[in-house]
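Peer 1: Have a look at this one.
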Amino acid sequence: MTNEQWFLIIALGIGAYSIRFLGLIMGKTINDNQHLKKLLDNLPACLVVALVASSLAEADPITWFSALIALGVAIITNHVVLTMIIGFSTIYLLKLI
Amino acid sequence: MPMKNGMINIIPLAVGAAIYGFAFGVLAAQLGFPWWGVALMSGLVHAGSSQIVAVERFATDGFLAGAVFAGLALNLRYLGIIASLAPLFENISLPKRLLAIHITGDENWALTMAKRAKNTNVGYAFLVGSGLVMILTWVSSTTLGAFIGNSIPNLADYGLGFAFTAAFIAMGRAMWRSKNDVVPWLVTFGITILLTKLNMASAFAILVGSLSGLIIYILIPTINKVEKNDK
């Protein structure tokens with residue numbers, strides 16, 4: 001494993017546990033602060049939308065089409081793995097054609 | 001309620017997590033992580049969506065700080081999740097609390113709180129029993145996925161990266177709450193696309209795009225209030 005991979009794993013591990021620990025010792029204080037709570041509640045969703053946008057920004061029409069199919073599957077099923085499988089299968093088949 | 005009850009009740013949810021874990025393991029291995037590295041990550045981090053986001057970011061632009069930030073930002077919900085466990089932690093020693101917060105995940109937290117709403121005897125033991133099953137499932141399924149992923153041909157040329165995009169789309173769907181999300185999400189999407197097109201590094205485009213959406217979330221109540229006053 002590369003040094004970068006080690007760093008990623010250890011930094012994520014320490015960071016993830018620190019967030020949980022912070023929740024243990026001052027979660028109530030954070031939840032009582034309405035502004036902070038609003039930011040924390042909405043940040044993950046904005047981040048995920050930005051990640052989708054980033055991966056599609058320079059993509060070809062096949063990828064955009066596959067993303068629309070994946071979005072349809074996600075809306076209907078609300079299932080992560082099913083969306084991944086059907087999304088990947090769509091782009092795989094379209095690129096074969 | 002004894003720990004065994006938590007272990008048994010969580011099994012259906014653990015099956016779902018195992019499938020997701022297997023898929024993550026395959027993807028991580030295809031992006032160059034050895035199976036034991038995936039096992040280590042799953043044991044230390046124990047956060048599915050954070051791991052998938054961080055690994056994708058790391059593979060896409062190699063910007064370590066950006067990958068860690070993105071992974072952790074997705075995990076901020078645990079501030080609230082862990083805070084909500086306070087009643088279960090009464091009379092529980094600190095070392096036991098420190099163990100419980102690590103093995104608490106979305107699934108066993110939700111199950112414990114749902115069962116506790118009906119029966120107040122459900123508490124720390126149930127949480128820990130279900131959490132132990134979940135973390136064991138997560139580590140073993142991601143490791144198995146990585147083991148398989150290490151031994152199959154490279155799928156990158158066939159659009160493997162899109163599996164991550166599809167995962168993000170599904171995560172977004174799960175985070176959808178109401179029509180109030182439409183405008184902030186569209187702004188986030190549009191700004192991120194625009195900045196990427198303008199050749200901004202993807203890590204910063206994602207950061208600025210996300211912050212733009214957050215600003216809209218903050219502004220919406222103010223705009224609604226002004227509109228109401230105008231009427």
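Here's how to read the names in the structure tokens: chain A, B, ... by the order shown, residue numbers from 1 in each chain, ligand numbers from 1 in the order shown.
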Do me a favour and pick out the residues of chain B within 7 Å of chain A, using only C-alpha atoms, as a VMD selection string.
Peer 2: chain B and resid 20 33 to 34 41 44 to 45 64 68 72 to 80 82 to 83 101 to 102 158 to 160 162 to 163 165 to 175 185 188 to 189 192 to 193 196 to 197 202 206 209 to 210 213 to 214
Peer 1: Do a neighbour search on Lys96 of chain B at 10 Å with only C-alpha atoms, toss out local chain neighbours closer than 6 positions, and write the hits as a PyMOL selection string.
Peer 2: chain B and resi 89+124+128
Peer 1: Could you take the residues named above and write them with all heavy atoms, as a short mmCIF file (atom, residue, chain, number, x, y, z; two decimals), in the first residue's frame?
Peer 2:
```
data_model
loop_
_atom_site.label_atom_id
_atom_site.label_comp_id
_atom_site.auth_asym_id
_atom_site.auth_seq_id
_atom_site.Cartn_x
_atom_site.Cartn_y
_atom_site.Cartn_z
N PHE B 89 -26.82 5.92 27.38
CA PHE B 89 -25.49 5.88 27.99
C PHE B 89 -25.50 6.20 29.48
O PHE B 89 -24.45 6.22 30.12
CB PHE B 89 -24.55 6.85 27.27
CG PHE B 89 -24.13 6.37 25.89
CD1 PHE B 89 -23.58 7.25 24.97
CD2 PHE B 89 -24.26 5.04 25.52
CE1 PHE B 89 -23.18 6.81 23.71
CE2 PHE B 89 -23.87 4.60 24.26
CZ PHE B 89 -23.34 5.49 23.35
N TYR B 124 -28.47 0.12 25.85
CA TYR B 124 -27.06 -0.03 25.49
C TYR B 124 -26.74 -1.43 24.95
O TYR B 124 -26.07 -1.57 23.92
CB TYR B 124 -26.20 0.27 26.73
CG TYR B 124 -24.72 0.07 26.49
CD1 TYR B 124 -23.95 1.09 25.94
CD2 TYR B 124 -24.09 -1.13 26.81
CE1 TYR B 124 -22.59 0.91 25.71
CE2 TYR B 124 -22.74 -1.32 26.59
CZ TYR B 124 -21.99 -0.30 26.04
OH TYR B 124 -20.66 -0.49 25.81
N VAL B 128 -25.19 -2.29 21.27
CA VAL B 128 -23.87 -2.90 21.11
C VAL B 128 -23.98 -4.25 20.38
O VAL B 128 -23.18 -4.55 19.49
CB VAL B 128 -23.17 -3.06 22.47
CG1 VAL B 128 -21.92 -3.92 22.35
CG2 VAL B 128 -22.79 -1.68 23.01
#
```
Peer 1: Need the shell around Leu13 of chain B: protein/DNA/RNA residues with any atom at most 10 Å away, counting only C-alpha atoms. Skip same-chain ones fewer than 6 positions apart. Format as a PyMOL selection string?
Peer 2: chain B and resi 107-108+111+130+134
Peer 1: Give the answer as one residue: which of B:Pro153, B:Pro221, B:Pro2, B:Gly131 has the shortest atom-to-atom distance to Ala29 of chain B, using only C-alpha atoms?
Peer 2: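 Selected residue with least distance to Ala29 of chain B: B:Pro153.
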Peer 1: Please list as a list in words every residue within 9 Å of Gly32 of chain B, counting only C-alpha atoms and excluding residues in the same chain fewer than 5 positions away.
Peer 2: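 Close residues of Gly32 of chain B: Met1 of chain A; Leu27, Ala59 and Asn150 of chain B.
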Peer 1: For the residues in that selection, give me N, CA and C atoms as an mmCIF file, in the first residue's frame.
Peer 2:
```cif
data_model
loop_
_atom_site.group_PDB
_atom_site.id
_atom_site.type_symbol
_atom_site.label_atom_id
_atom_site.label_comp_id
_atom_site.auth_asym_id
_atom_site.auth_seq_id
_atom_site.Cartn_x
_atom_site.Cartn_y
_atom_site.Cartn_z
ATOM 1 N N MET A 1 0.852 -1.194 0.000
ATOM 2 C CA MET A 1 0.000 0.000 0.000
ATOM 3 C C MET A 1 0.890 1.247 0.000
ATOM 4 N N LEU B 27 -14.875 -2.123 -5.834
ATOM 5 C CA LEU B 27 -14.469 -0.831 -6.414
ATOM 6 C C LEU B 27 -13.131 -0.368 -5.834
ATOM 7 N N ALA B 59 -8.933 8.572 -5.847
ATOM 8 C CA ALA B 59 -8.580 7.978 -7.141
ATOM 9 C C ALA B 59 -8.733 8.991 -8.275
ATOM 10 N N ASN B 150 -9.555 -7.650 -6.471
ATOM 11 C CA ASN B 150 -8.119 -7.762 -6.756
ATOM 12 C C ASN B 150 -7.832 -8.836 -7.813
#
```
Peer 1: What does the distance from atom CA of Asn199 of chain B to atom CA of Thr60 of chain B come to in Å, to one decimal?
Peer 2: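 Atom-to-atom, atom CA of Asn199 of chain B to atom CA of Thr60 of chain B, that is 14.9 Å.
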Peer 1: What is the atom CA of His46 of chain B-atom CA of Val26 of chain B distance in Å, reported with one decimal?
Peer 2: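 Separation between atom CA of His46 of chain B and atom CA of Val26 of chain B: 16.7 Å.
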